[in-house]
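Structure file input-v4.cif (mmCIF, C-alpha atoms) follows.
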data_my_file
loop_
_atom_site.label_atom_id
_atom_site.label_comp_id
_atom_site.auth_asym_id
_atom_site.auth_seq_id
_atom_site.Cartn_x
_atom_site.Cartn_y
_atom_site.Cartn_z
CA MET A 464 -1.11 -21.79 -5.24
CA VAL A 465 -0.55 -18.09 -5.14
CA ARG A 466 2.26 -17.12 -2.81
CA GLU A 467 1.11 -15.03 0.13
CA VAL A 468 2.56 -12.91 2.87
CA SER A 469 0.91 -11.53 5.96
CA GLU A 470 -1.22 -8.46 5.49
CA SER A 471 0.69 -6.65 8.20
CA CYS A 472 3.86 -6.85 6.08
CA LEU A 473 2.26 -4.81 3.34
CA ASP A 474 0.47 -2.47 5.74
CA SER A 475 3.67 -1.75 7.68
CA LEU A 476 5.61 -1.23 4.48
CA LEU A 477 3.10 1.27 3.11
CA THR A 478 2.77 3.11 6.39
CA GLU A 479 6.52 3.39 6.71
CA VAL A 480 6.99 4.58 3.12
CA VAL A 481 4.39 7.31 3.55
CA SER A 482 5.88 8.33 6.87
CA CYS A 483 9.39 8.32 5.44
CA TYR A 484 8.55 10.50 2.47
CA CYS A 485 6.25 12.86 4.37
CA ASN A 486 8.21 13.30 7.56
CA ARG A 487 11.85 12.52 6.76
CA PHE A 488 12.52 13.32 3.14
CA TYR A 489 10.12 16.13 2.38
CA PRO A 490 8.80 17.33 5.73
CA ASN A 491 7.10 20.49 4.58
CA LYS A 492 6.73 19.75 0.93
CA HIS A 493 3.70 17.55 0.74
CA ASP A 494 3.39 17.88 -3.00
CA LEU A 495 6.82 16.44 -3.58
CA ALA A 496 6.17 13.61 -1.14
CA ALA A 497 2.82 12.89 -2.75
CA ARG A 498 4.35 12.78 -6.20
CA ARG A 499 6.99 10.27 -5.10
CA ILE A 500 4.47 8.06 -3.36
CA GLU A 501 2.28 8.15 -6.46
CA ALA A 502 5.31 7.27 -8.59
CA ILE A 503 5.96 4.20 -6.47
CA GLY A 504 2.37 3.14 -6.97
CA TYR A 505 2.67 3.81 -10.70
CA GLN A 506 5.56 1.35 -11.04
CA VAL A 507 3.65 -1.29 -9.12
CA GLY A 508 0.52 -0.82 -11.21
CA HIS A 509 2.51 -0.93 -14.42
CA GLN A 510 4.09 -4.27 -13.53
CA LEU A 511 0.89 -5.74 -12.17
CA SER A 512 -0.94 -4.97 -15.39
CA GLU A 513 1.55 -7.09 -17.31
CA ARG A 514 1.09 -10.00 -14.99
CA TYR A 515 -2.65 -9.88 -14.63
CA THR A 516 -3.57 -9.31 -18.26
CA MET A 517 -1.11 -11.77 -19.77
CA GLU A 518 -3.59 -14.45 -20.57
CA ARG A 519 -6.55 -12.46 -21.60
CA PRO A 520 -7.29 -10.83 -24.95
CA ARG A 521 -6.89 -7.12 -25.46
CA PHE A 522 -9.60 -4.92 -23.97
CA ASN A 523 -12.07 -3.66 -26.55
CA ASP A 524 -12.71 -0.34 -24.90
CA HIS A 525 -12.03 1.64 -21.81
CA LEU A 526 -15.15 0.49 -20.06
CA GLU A 527 -14.01 -3.12 -20.32
CA ALA A 528 -10.67 -2.24 -18.83
CA ILE A 529 -12.31 -0.39 -15.95
CA LYS A 530 -14.64 -3.30 -15.34
CA PHE A 531 -11.65 -5.60 -15.22
CA ILE A 532 -10.15 -3.35 -12.58
CA CYS A 533 -13.35 -3.33 -10.58
CA LYS A 534 -13.72 -7.07 -10.56
CA ASP A 535 -10.57 -9.08 -11.21
CA PHE A 536 -7.86 -6.60 -10.34
CA TRP A 537 -9.49 -5.47 -7.10
CA LEU A 538 -10.11 -9.11 -6.25
CA GLU A 539 -6.44 -10.00 -6.68
CA LEU A 540 -5.25 -7.09 -4.63
CA PHE A 541 -7.88 -6.62 -1.99
CA LYS A 542 -9.90 -9.85 -2.08
CA LYS A 543 -13.11 -8.05 -2.85
CA HIS A 544 -14.79 -6.25 -5.74
CA VAL A 545 -15.27 -2.54 -6.09
CA ASP A 546 -18.66 -1.79 -4.59
CA ASN A 547 -19.91 0.78 -7.03
CA LEU A 548 -18.89 2.00 -10.46
CA ARG A 549 -20.25 5.16 -12.01
CA THR A 550 -19.43 6.99 -15.17
CA ASN A 551 -20.46 10.18 -16.85
CA HIS A 552 -20.00 8.53 -20.25
CA ARG A 553 -17.56 11.25 -21.13
CA GLY A 554 -14.39 9.60 -19.94
CA THR A 555 -14.70 9.94 -16.18
CA PHE A 556 -15.21 6.89 -14.02
CA VAL A 557 -15.74 6.77 -10.30
CA LEU A 558 -14.95 3.62 -8.37
CA GLN A 559 -16.29 3.37 -4.87
CA ASP A 560 -14.97 1.00 -2.28
CA ASN A 561 -16.91 1.02 0.95
CA LYS A 562 -14.25 -0.62 2.99
CA PHE A 563 -10.94 0.14 1.37
CA CYS A 564 -8.59 -2.13 3.26
CA TRP A 565 -5.63 0.23 3.38
CA LEU A 566 -7.81 2.79 5.13
CA ALA A 567 -9.98 0.44 7.10
CA ARG A 568 -7.78 0.26 10.14
CA MET A 569 -6.80 3.88 10.32
CA SER A 570 -8.01 5.93 13.21
CA ILE A 571 -7.97 9.63 13.48
CA ASP A 572 -6.77 11.15 16.67
CA PRO A 573 -8.67 14.42 17.10
CA PHE A 574 -6.21 15.50 19.76
CA ALA A 575 -3.18 14.84 17.60
CA ASP A 576 -2.18 18.49 17.67
CA SER A 577 -0.87 19.57 21.02
CA GLY A 578 -2.70 22.44 22.55
CA LYS A 579 -5.94 21.80 20.80
CA SER A 580 -8.95 21.82 23.05
CA PRO A 581 -11.92 19.51 22.47
CA GLU A 582 -13.95 22.33 20.97
CA ASP A 583 -11.43 22.52 18.18
CA ILE A 584 -12.29 19.07 16.88
CA THR A 585 -15.10 20.50 14.86
CA SER A 586 -12.88 23.19 13.45
CA PRO A 587 -11.97 22.62 9.83
CA THR A 588 -8.24 22.40 10.46
CA ALA A 589 -8.34 19.38 12.77
CA GLY A 590 -10.40 17.33 10.35
CA ASN A 591 -8.27 18.50 7.45
CA LYS A 592 -5.05 17.34 9.00
CA ALA A 593 -6.39 13.84 9.52
CA THR A 594 -7.89 13.69 6.07
CA HIS A 595 -4.66 15.02 4.66
CA ALA A 596 -2.70 12.23 6.31
CA MET A 597 -5.05 9.66 4.85
CA LYS A 598 -4.87 11.17 1.43
CA MET A 599 -1.13 10.66 1.42
CA HIS A 600 -1.80 6.95 1.79
CA LEU A 601 -4.27 7.06 -1.05
CA TYR A 602 -1.69 8.47 -3.45
CA PHE A 603 -0.13 5.05 -3.62
CA SER A 604 -3.37 3.44 -4.74
CA CYS A 605 -3.98 6.20 -7.26
CA GLY A 606 -0.54 5.49 -8.66
CA ILE A 607 -1.31 1.80 -8.97
CA LEU A 608 -4.42 2.51 -10.97
CA ARG A 609 -2.73 5.06 -13.18
CA GLY A 610 0.17 2.68 -13.82
CA PHE A 611 -2.14 -0.21 -14.57
CA LEU A 612 -4.14 1.77 -17.09
CA SER A 613 -1.15 3.42 -18.71
CA ASN A 614 0.27 0.01 -19.58
CA LEU A 615 -3.00 -0.73 -21.35
CA GLY A 616 -2.63 2.42 -23.36
CA ILE A 617 -5.16 4.41 -21.36
CA LEU A 618 -3.65 7.63 -20.17
CA CYS A 619 -5.61 9.18 -17.39
CA ALA A 620 -5.48 11.12 -14.18
CA VAL A 621 -6.52 9.34 -11.03
CA SER A 622 -7.59 11.08 -7.88
CA ALA A 623 -9.07 9.73 -4.70
CA ASP A 624 -11.35 11.09 -2.09
CA ILE A 625 -12.54 9.90 1.24
CA LEU A 626 -16.26 10.16 1.69
CA THR A 627 -17.19 8.67 5.02
CA LEU A 628 -14.07 8.56 7.08
CA PRO A 629 -12.25 6.31 7.02
CA THR A 630 -13.68 3.53 5.03
CA CYS A 631 -14.92 4.87 1.78
CA ALA A 632 -12.67 5.88 -1.06
CA TYR A 633 -13.51 7.18 -4.47
CA PHE A 634 -11.14 6.82 -7.33
CA SER A 635 -12.02 9.13 -10.10
CA LEU A 636 -10.37 8.35 -13.39
CA SER A 637 -10.55 10.87 -16.13
CA HIS A 638 -8.85 10.97 -19.46
CA THR A 639 -6.05 13.37 -19.90
CA TYR A 640 -6.48 15.29 -23.06
CA THR A 641 -3.66 17.12 -24.70
CA GLU A 642 -4.67 20.61 -25.63
CA ILE A 643 -3.35 21.96 -28.87
CA THR A 644 -3.38 25.67 -29.14
CA LEU A 645 -2.96 27.22 -32.51
CA MET B 635 -4.69 -20.56 34.34
CA ALA B 636 -2.48 -22.83 32.31
CA PRO B 637 0.00 -20.97 30.13
CA VAL B 638 -0.90 -20.90 26.46
CA ALA B 639 1.44 -23.01 24.38
CA PRO B 640 3.45 -21.22 21.72
CA ARG B 641 2.01 -21.64 18.27
CA SER B 642 3.93 -22.88 15.31
CA GLY B 643 4.71 -20.53 12.46
CA ASP B 644 2.51 -22.54 10.10
CA ALA B 645 -0.47 -22.37 12.40
CA ILE B 646 -0.17 -18.62 12.85
CA PHE B 647 0.32 -18.02 9.14
CA ALA B 648 -2.77 -20.06 8.37
CA ASN B 649 -4.87 -17.96 10.70
CA ILE B 650 -3.82 -14.42 9.91
CA GLU B 651 -4.97 -12.17 7.13
CA ARG B 652 -2.82 -12.67 4.09
CA VAL B 653 -2.31 -10.79 0.87
CA ASN B 654 -0.92 -11.58 -2.52
CA ALA B 655 2.85 -11.74 -2.21
CA GLU B 656 3.33 -10.34 -5.70
CA LEU B 657 1.85 -7.04 -4.62
CA PHE B 658 4.24 -6.98 -1.69
CA THR B 659 7.24 -7.94 -3.78
CA LEU B 660 6.50 -5.38 -6.47
CA THR B 661 5.80 -2.66 -3.91
CA TYR B 662 9.13 -3.32 -2.23
CA GLY B 663 10.89 -3.25 -5.58
CA ALA B 664 9.23 0.02 -6.53
CA ILE B 665 10.24 1.53 -3.21
CA VAL B 666 13.88 0.53 -3.69
CA ARG B 667 13.83 1.89 -7.21
CA GLN B 668 12.29 5.18 -6.08
CA LEU B 669 14.83 5.50 -3.28
CA LEU B 670 17.64 4.97 -5.79
CA THR B 671 16.18 7.71 -7.98
CA ASP B 672 15.71 10.14 -5.11
CA LEU B 673 18.82 9.47 -3.10
CA GLU B 674 21.18 8.43 -5.92
CA GLU B 675 23.86 7.07 -3.57
CA VAL B 676 23.67 3.32 -3.03
CA GLU B 677 25.07 3.62 0.50
CA GLU B 678 22.41 6.15 1.40
CA VAL B 679 19.71 3.83 0.06
CA ASN B 680 21.11 0.97 2.13
CA LYS B 681 20.97 3.21 5.17
CA GLN B 682 17.40 4.34 4.51
CA LEU B 683 16.19 0.80 3.89
CA GLU B 684 17.67 -0.28 7.19
CA GLN B 685 16.11 2.68 8.99
CA MET B 686 12.72 1.96 7.47
CA GLY B 687 13.07 -1.65 8.47
CA TYR B 688 13.96 -0.60 11.98
CA ASN B 689 10.83 1.56 12.23
CA ILE B 690 8.74 -1.35 11.01
CA GLY B 691 10.45 -3.83 13.34
CA ILE B 692 9.81 -1.87 16.50
CA ARG B 693 6.09 -2.17 15.80
CA LEU B 694 6.03 -5.61 14.25
CA ILE B 695 7.44 -7.14 17.43
CA ASP B 696 4.15 -6.37 19.20
CA GLU B 697 2.17 -8.28 16.66
CA PHE B 698 4.69 -11.09 16.76
CA LEU B 699 4.53 -11.45 20.52
CA ALA B 700 0.76 -11.17 20.58
CA LYS B 701 0.14 -13.78 17.92
CA SER B 702 2.88 -16.27 18.56
CA ASN B 703 2.58 -16.68 22.33
CA VAL B 704 6.29 -17.39 22.59
CA SER B 705 7.53 -17.31 26.12
CA ARG B 706 10.74 -15.56 27.01
CA CYS B 707 13.67 -17.16 25.21
CA VAL B 708 16.30 -18.59 27.52
CA ASP B 709 19.24 -17.83 25.31
CA PHE B 710 20.26 -16.32 22.02
CA ARG B 711 20.13 -19.68 20.26
CA GLU B 712 16.46 -19.94 21.05
CA THR B 713 15.92 -16.37 19.88
CA ALA B 714 17.55 -17.08 16.55
CA ASP B 715 15.47 -20.23 16.14
CA VAL B 716 12.28 -18.40 16.92
CA ILE B 717 13.11 -15.67 14.41
CA ALA B 718 13.88 -18.23 11.72
CA LYS B 719 11.03 -20.67 12.32
CA VAL B 720 8.20 -18.52 13.66
CA GLY B 721 9.00 -14.94 12.75
CA PHE B 722 9.79 -15.38 9.08
CA LYS B 723 7.03 -17.90 8.67
CA MET B 724 4.26 -15.82 10.15
CA PHE B 725 5.10 -12.70 8.20
CA LEU B 726 6.74 -13.76 4.98
CA GLY B 727 5.40 -17.27 4.81
CA VAL B 728 8.86 -18.80 4.51
CA THR B 729 11.04 -20.65 6.97
CA ALA B 730 14.68 -19.81 7.46
CA SER B 731 17.39 -21.91 9.02
CA VAL B 732 20.07 -21.03 11.53
CA SER B 733 23.68 -22.12 11.34
CA ASN B 734 27.34 -21.05 11.72
CA TRP B 735 27.21 -20.47 15.43
CA ASP B 736 30.40 -19.12 16.92
CA ALA B 737 31.98 -20.55 20.05
CA GLU B 738 30.32 -18.18 22.50
CA GLY B 739 26.90 -18.53 20.94
CA THR B 740 26.61 -14.81 20.25
CA CYS B 741 26.90 -14.82 16.50
CA CYS B 742 25.11 -16.89 13.89
CA SER B 743 23.86 -16.94 10.35
CA ILE B 744 20.26 -17.06 9.31
CA ILE B 745 19.78 -18.56 5.89
CA LEU B 746 16.83 -17.66 3.75
CA GLU B 747 16.52 -20.17 0.94
CA ASP B 748 13.35 -18.61 -0.29
CA ASN B 749 12.79 -14.90 -0.03
CA PRO B 750 9.63 -13.30 -1.41
CA LEU B 751 11.33 -9.91 -1.58
CA VAL B 752 13.65 -11.01 -4.37
CA ASP B 753 11.16 -12.70 -6.66
CA PHE B 754 11.66 -11.40 -10.20
CA VAL B 755 14.55 -9.17 -9.09
CA GLU B 756 17.81 -8.66 -10.91
CA LEU B 757 20.29 -6.02 -9.86
CA PRO B 758 21.87 -3.96 -12.61
CA ASP B 759 25.62 -3.39 -12.63
CA THR B 760 25.19 0.17 -11.41
CA CYS B 761 23.76 -1.09 -8.12
CA GLN B 762 26.30 -3.64 -7.09
CA GLY B 763 26.81 -2.11 -3.66
CA LEU B 764 23.13 -2.30 -2.86
CA TYR B 765 21.86 -4.52 -0.09
CA TYR B 766 18.48 -5.02 -1.69
CA CYS B 767 16.87 -6.67 1.33
CA ASN B 768 18.40 -4.36 3.87
CA MET B 769 14.96 -3.61 5.21
CA LEU B 770 14.89 -7.12 6.66
CA SER B 771 18.04 -6.37 8.66
CA GLY B 772 16.39 -3.31 10.09
CA VAL B 773 13.23 -5.19 10.96
CA ILE B 774 15.15 -7.79 12.94
CA ARG B 775 17.31 -5.19 14.62
CA GLY B 776 14.30 -3.06 15.58
CA ALA B 777 12.26 -5.99 16.81
CA LEU B 778 15.07 -7.37 18.95
CA GLU B 779 15.88 -3.97 20.36
CA MET B 780 12.34 -3.78 21.73
CA VAL B 781 13.00 -6.94 23.70
CA SER B 782 16.22 -5.55 25.11
CA MET B 783 18.65 -7.07 22.69
CA LYS B 784 21.00 -4.95 20.71
CA THR B 785 22.17 -6.71 17.60
CA GLU B 786 23.92 -6.02 14.39
CA VAL B 787 22.46 -7.64 11.34
CA THR B 788 24.46 -7.68 8.18
CA TRP B 789 24.37 -9.45 4.85
CA ILE B 790 27.09 -11.94 4.18
CA ARG B 791 26.07 -13.44 0.90
CA ASP B 792 23.33 -12.43 -1.45
CA VAL B 793 22.24 -14.28 -4.55
CA LEU B 794 21.28 -10.95 -6.13
CA ARG B 795 24.90 -9.84 -6.03
CA GLY B 796 26.07 -12.87 -7.94
CA ASP B 797 27.06 -15.11 -5.06
CA ASP B 798 26.53 -18.80 -5.35
CA VAL B 799 24.98 -19.34 -1.98
CA LYS B 800 21.55 -18.01 -1.15
CA LEU B 801 21.00 -15.19 1.29
CA LEU B 802 22.76 -15.36 4.61
CA LYS B 803 22.54 -13.08 7.54
CA GLN B 804 24.84 -12.77 10.48
CA VAL B 805 23.34 -11.81 13.79
CA PRO B 806 25.90 -11.11 16.45
CA GLU B 807 24.56 -10.42 19.90
CA GLU B 808 25.96 -7.41 21.61
CA TYR B 809 24.28 -7.63 24.94
CA PRO B 810 24.54 -10.25 27.62
CA TYR B 811 21.51 -12.43 27.76
CA LYS B 812 20.39 -11.90 31.30
CA ASP B 813 17.08 -11.14 32.82
CA ASP B 814 16.90 -7.94 34.66
CA GLU B 815 20.23 -6.43 33.83
CA CYS B 816 20.52 -3.34 31.82
CA PHE B 817 22.37 -4.12 28.70
CA MET B 818 26.00 -3.23 28.29
CA LEU B 819 27.32 -2.45 24.90
CA LYS B 820 29.86 -4.93 23.64
CA LYS B 821 31.18 -4.30 20.21
CA ILE B 822 31.69 -7.33 18.09
CA LYS B 823 33.48 -6.75 14.86
CA ILE B 824 32.37 -8.82 11.96
CA SER B 825 35.47 -10.25 10.36
CA LYS B 826 36.20 -8.60 7.08
CA HIS B 827 36.90 -11.80 5.21
CA LEU B 828 33.27 -12.75 5.30
CA PHE B 829 32.47 -9.98 2.89
CA LYS B 830 34.88 -11.22 0.29
CA ASP B 831 33.48 -13.86 -1.97
CA THR B 832 35.49 -16.83 -3.03
#

Represent the structure from my file as structure tokens, please.
Amino acid sequence: MVREVSESCLDSLLTEVVSCYCNRFYPNKHDLAARRIEAIGYQVGHQLSERYTMERPRFNDHLEAIKFICKDFWLELFKKHVDNLRTNHRGTFVLQDNKFCWLARMSIDPFADSGKSPEDITSPTAGNKATHAMKMHLYFSCGILRGFLSNLGILCAVSADILTLPTCAYFSLSHTYTEITL
Amino acid sequence: MAPVAPRSGDAIFANIERVNAELFTLTYGAIVRQLLTDLEEVEEVNKQLEQMGYNIGIRLIDEFLAKSNVSRCVDFRETADVIAKVGFKMFLGVTASVSNWDAEGTCCSIILEDNPLVDFVELPDTCQGLYYCNMLSGVIRGALEMVSMKTEVTWIRDVLRGDDVKLLKQVPEEYPYKDDECFMLKKIKISKHLFKDT
């Protein structure tokens, strides 16, 4: 029997960590906050990869590893599979989750900024601020994926995007190549 | 309408959404590790963990009250029991026990035999001053403050720090347990000897 805790424990923990790093530690330095949040995710992903791939043979190629993520790994973490996987066959993979659980219960308050009138909702800045807040939460998940893959020997960059707010998230994994200049 | 009976911790835990505890444990561990890297001072990390726990607790109490249907506790003993049997069970899936009551009934220990936060955890020698689970103290303090109880929650013994007994917490009550009175601050000092291990 796998040990379980309530979902709200994890949700509260993640929300608080993001809030702590974004508002308390690095209030106006979102890049620094994002990097730390991603680093936390990286450690988690790294350790999870050891535990979840212990009993299976080595992955033959990157596609197999990504498929494992889409099916088994996502199932362990989020109790569902990734809804869509796409690749450009040149090292970039896009995972699409239509109801990413860590975003599923987030709401965006269009009046979050004081002094904004209703007409400003459609302005780019209001939407950006909300999306920006959600992206900070996604850095953790990106870190998990990057950590998971790095422990399998696959070095890559992971970025996430929100398509249809707030329930769709893309994770785009692309190989990092080292450039050698002569 | 007949009042709804309070639900047991097991029943609530069976009915809520649950996630893999490993993910939670590893996330907590990674957070502590990152805090140690960023803040460097163990005391500062302890403080931040408690503060984070407090911020979580002031919100978690709403979910607790909504899902558990507990009626107002008549005294601090009942509060401590509810925390140990219902609170810990419905969130962490483990039951704690309460003991070591003092004469006035304002101070007790909550014993966690099984704590998901410390699965797979070993503290290195450089972190001996760290209260690894300090977030739990903050959660309890924050939650109780929202129901008009000011408490101090401290760690007495911690298996991660090499003590023989499993985790203990001391919860002294600072406010009188009365219904509509505003609380008055009463300082209760935790005796120093409790921090020294035999």

For the interface of chain B with chain A (cut-off 10 Å, counting only C-alpha atoms), please tabulate each contacting residue of chain B alongside its nearest pair of atoms and their separation in Å to one decimal, rows sorted by chain and increasing number, as a tab-separated table.
residue	atom	partner	partner_atom	distance
B:Ile646	CA	A:Ser469	CA	9.9
B:Phe647	CA	A:Ser469	CA	7.3
B:Ala648	CA	A:Ser469	CA	9.6
B:Asn649	CA	A:Ser469	CA	9.9
B:Ile650	CA	A:Ser469	CA	6.8
B:Glu651	CA	A:Glu470	CA	5.5
B:Arg652	CA	A:Ser469	CA	4.3
B:Val653	CA	A:Glu470	CA	5.3
B:Asn654	CA	A:Glu467	CA	4.8
B:Ala655	CA	A:Glu467	CA	4.4
B:Glu656	CA	A:Arg466	CA	7.4
B:Leu657	CA	A:Leu540	CA	7.1
B:Phe658	CA	A:Leu473	CA	5.8
B:Thr659	CA	A:Leu473	CA	9.2
B:Leu660	CA	A:Val507	CA	5.6
B:Thr661	CA	A:Val507	CA	5.8
B:Tyr662	CA	A:Leu476	CA	7.9
B:Gly663	CA	A:Val507	CA	8.3
B:Ala664	CA	A:Ile503	CA	5.3
B:Ile665	CA	A:Ile503	CA	6.0
B:Val666	CA	A:Ile503	CA	9.2
B:Arg667	CA	A:Ile503	CA	8.2
B:Gln668	CA	A:Ile503	CA	6.4
B:Leu669	CA	A:Arg499	CA	9.4
B:Thr671	CA	A:Arg499	CA	10.0
B:Asp672	CA	A:Arg499	CA	8.7
B:Leu673	CA	A:Phe488	CA	9.7
B:Gln682	CA	A:Cys483	CA	9.0
B:Leu683	CA	A:Val480	CA	10.0
B:Gln685	CA	A:Cys483	CA	9.5
B:Met686	CA	A:Glu479	CA	6.4
B:Gly687	CA	A:Glu479	CA	8.4
B:Tyr688	CA	A:Glu479	CA	10.0
B:Asn689	CA	A:Glu479	CA	7.2
B:Ile690	CA	A:Ser475	CA	6.1
B:Gly691	CA	A:Ser475	CA	9.1
B:Arg693	CA	A:Ser475	CA	8.5
B:Leu694	CA	A:Ser475	CA	8.0
B:Glu697	CA	A:Ser471	CA	8.7
B:Phe722	CA	A:Val468	CA	9.8
B:Lys723	CA	A:Val468	CA	8.9
B:Met724	CA	A:Ser469	CA	6.9
B:Phe725	CA	A:Ser469	CA	4.9
B:Leu726	CA	A:Val468	CA	4.8
B:Gly727	CA	A:Val468	CA	5.6
B:Val728	CA	A:Val468	CA	8.8
B:Pro750	CA	A:Val468	CA	8.3
B:Met769	CA	A:Leu476	CA	9.7

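Here CA of Ser512 in chain A and CA of Lys543 in chain A stand 17.7 Å from one another.
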
Evaluate the PyMOL selection byres ((chain A and resi 608-620) around 12) and record the selected residues as an mmCIF file with C-alpha atoms, keeping the file's coordinate frame, following the chain and residue labels used in the document.
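Generated output (part-v3.cif):
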data_model
loop_
_atom_site.group_PDB
_atom_site.id
_atom_site.type_symbol
_atom_site.label_atom_id
_atom_site.label_comp_id
_atom_site.auth_asym_id
_atom_site.auth_seq_id
_atom_site.Cartn_x
_atom_site.Cartn_y
_atom_site.Cartn_z
ATOM 1 C CA GLU A 501 2.280 8.150 -6.460
ATOM 2 C CA ALA A 502 5.310 7.270 -8.590
ATOM 3 C CA ILE A 503 5.960 4.200 -6.470
ATOM 4 C CA GLY A 504 2.370 3.140 -6.970
ATOM 5 C CA TYR A 505 2.670 3.810 -10.700
ATOM 6 C CA GLN A 506 5.560 1.350 -11.040
ATOM 7 C CA VAL A 507 3.650 -1.290 -9.120
ATOM 8 C CA GLY A 508 0.520 -0.820 -11.210
ATOM 9 C CA HIS A 509 2.510 -0.930 -14.420
ATOM 10 C CA GLN A 510 4.090 -4.270 -13.530
ATOM 11 C CA LEU A 511 0.890 -5.740 -12.170
ATOM 12 C CA SER A 512 -0.940 -4.970 -15.390
ATOM 13 C CA GLU A 513 1.550 -7.090 -17.310
ATOM 14 C CA ARG A 514 1.090 -10.000 -14.990
ATOM 15 C CA TYR A 515 -2.650 -9.880 -14.630
ATOM 16 C CA THR A 516 -3.570 -9.310 -18.260
ATOM 17 C CA MET A 517 -1.110 -11.770 -19.770
ATOM 18 C CA PRO A 520 -7.290 -10.830 -24.950
ATOM 19 C CA ARG A 521 -6.890 -7.120 -25.460
ATOM 20 C CA PHE A 522 -9.600 -4.920 -23.970
ATOM 21 C CA ASN A 523 -12.070 -3.660 -26.550
ATOM 22 C CA ASP A 524 -12.710 -0.340 -24.900
ATOM 23 C CA HIS A 525 -12.030 1.640 -21.810
ATOM 24 C CA LEU A 526 -15.150 0.490 -20.060
ATOM 25 C CA GLU A 527 -14.010 -3.120 -20.320
ATOM 26 C CA ALA A 528 -10.670 -2.240 -18.830
ATOM 27 C CA ILE A 529 -12.310 -0.390 -15.950
ATOM 28 C CA LYS A 530 -14.640 -3.300 -15.340
ATOM 29 C CA PHE A 531 -11.650 -5.600 -15.220
ATOM 30 C CA ILE A 532 -10.150 -3.350 -12.580
ATOM 31 C CA CYS A 533 -13.350 -3.330 -10.580
ATOM 32 C CA PHE A 536 -7.860 -6.600 -10.340
ATOM 33 C CA TRP A 537 -9.490 -5.470 -7.100
ATOM 34 C CA LEU A 540 -5.250 -7.090 -4.630
ATOM 35 C CA GLY A 554 -14.390 9.600 -19.940
ATOM 36 C CA THR A 555 -14.700 9.940 -16.180
ATOM 37 C CA PHE A 556 -15.210 6.890 -14.020
ATOM 38 C CA VAL A 557 -15.740 6.770 -10.300
ATOM 39 C CA LEU A 558 -14.950 3.620 -8.370
ATOM 40 C CA LEU A 601 -4.270 7.060 -1.050
ATOM 41 C CA TYR A 602 -1.690 8.470 -3.450
ATOM 42 C CA PHE A 603 -0.130 5.050 -3.620
ATOM 43 C CA SER A 604 -3.370 3.440 -4.740
ATOM 44 C CA CYS A 605 -3.980 6.200 -7.260
ATOM 45 C CA GLY A 606 -0.540 5.490 -8.660
ATOM 46 C CA ILE A 607 -1.310 1.800 -8.970
ATOM 47 C CA VAL A 621 -6.520 9.340 -11.030
ATOM 48 C CA SER A 622 -7.590 11.080 -7.880
ATOM 49 C CA ALA A 623 -9.070 9.730 -4.700
ATOM 50 C CA PHE A 634 -11.140 6.820 -7.330
ATOM 51 C CA SER A 635 -12.020 9.130 -10.100
ATOM 52 C CA LEU A 636 -10.370 8.350 -13.390
ATOM 53 C CA SER A 637 -10.550 10.870 -16.130
ATOM 54 C CA HIS A 638 -8.850 10.970 -19.460
ATOM 55 C CA THR A 639 -6.050 13.370 -19.900
ATOM 56 C CA TYR A 640 -6.480 15.290 -23.060
ATOM 57 C CA THR A 641 -3.660 17.120 -24.700
ATOM 58 C CA ALA B 664 9.230 0.020 -6.530
#

Using the chain letters and numbers from this file, what does the PyMOL selection byres ((chain B and resi 700) around 12) select? Give the answer as a ChimeraX atom specification.
/B:638,640-641,646,693-699,701-705,721,724

Figure out the distance between CA of Leu751 in chain B and CA of Leu566 in chain A, please, to one decimal in Å.
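The value is 23.9 Å.
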
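Remark: for Asn768 in chain B, the closest of the candidate residues B:Val679, B:Ala645, B:Ala737, B:Val716 is B:Val679 (distances computed over all atoms listed in the file).
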
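If you look at CA of Lys598 in chain A and CA of Val545 in chain A, they are 18.8 Å away from each other.
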
I need the residue nearest Ala714 in chain B from this list: B:Ile790, B:Met783, B:Val676, B:Leu670. Use all atoms listed in the file for the distance.
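Selected residue with least distance to Ala714 in chain B: B:Met783.
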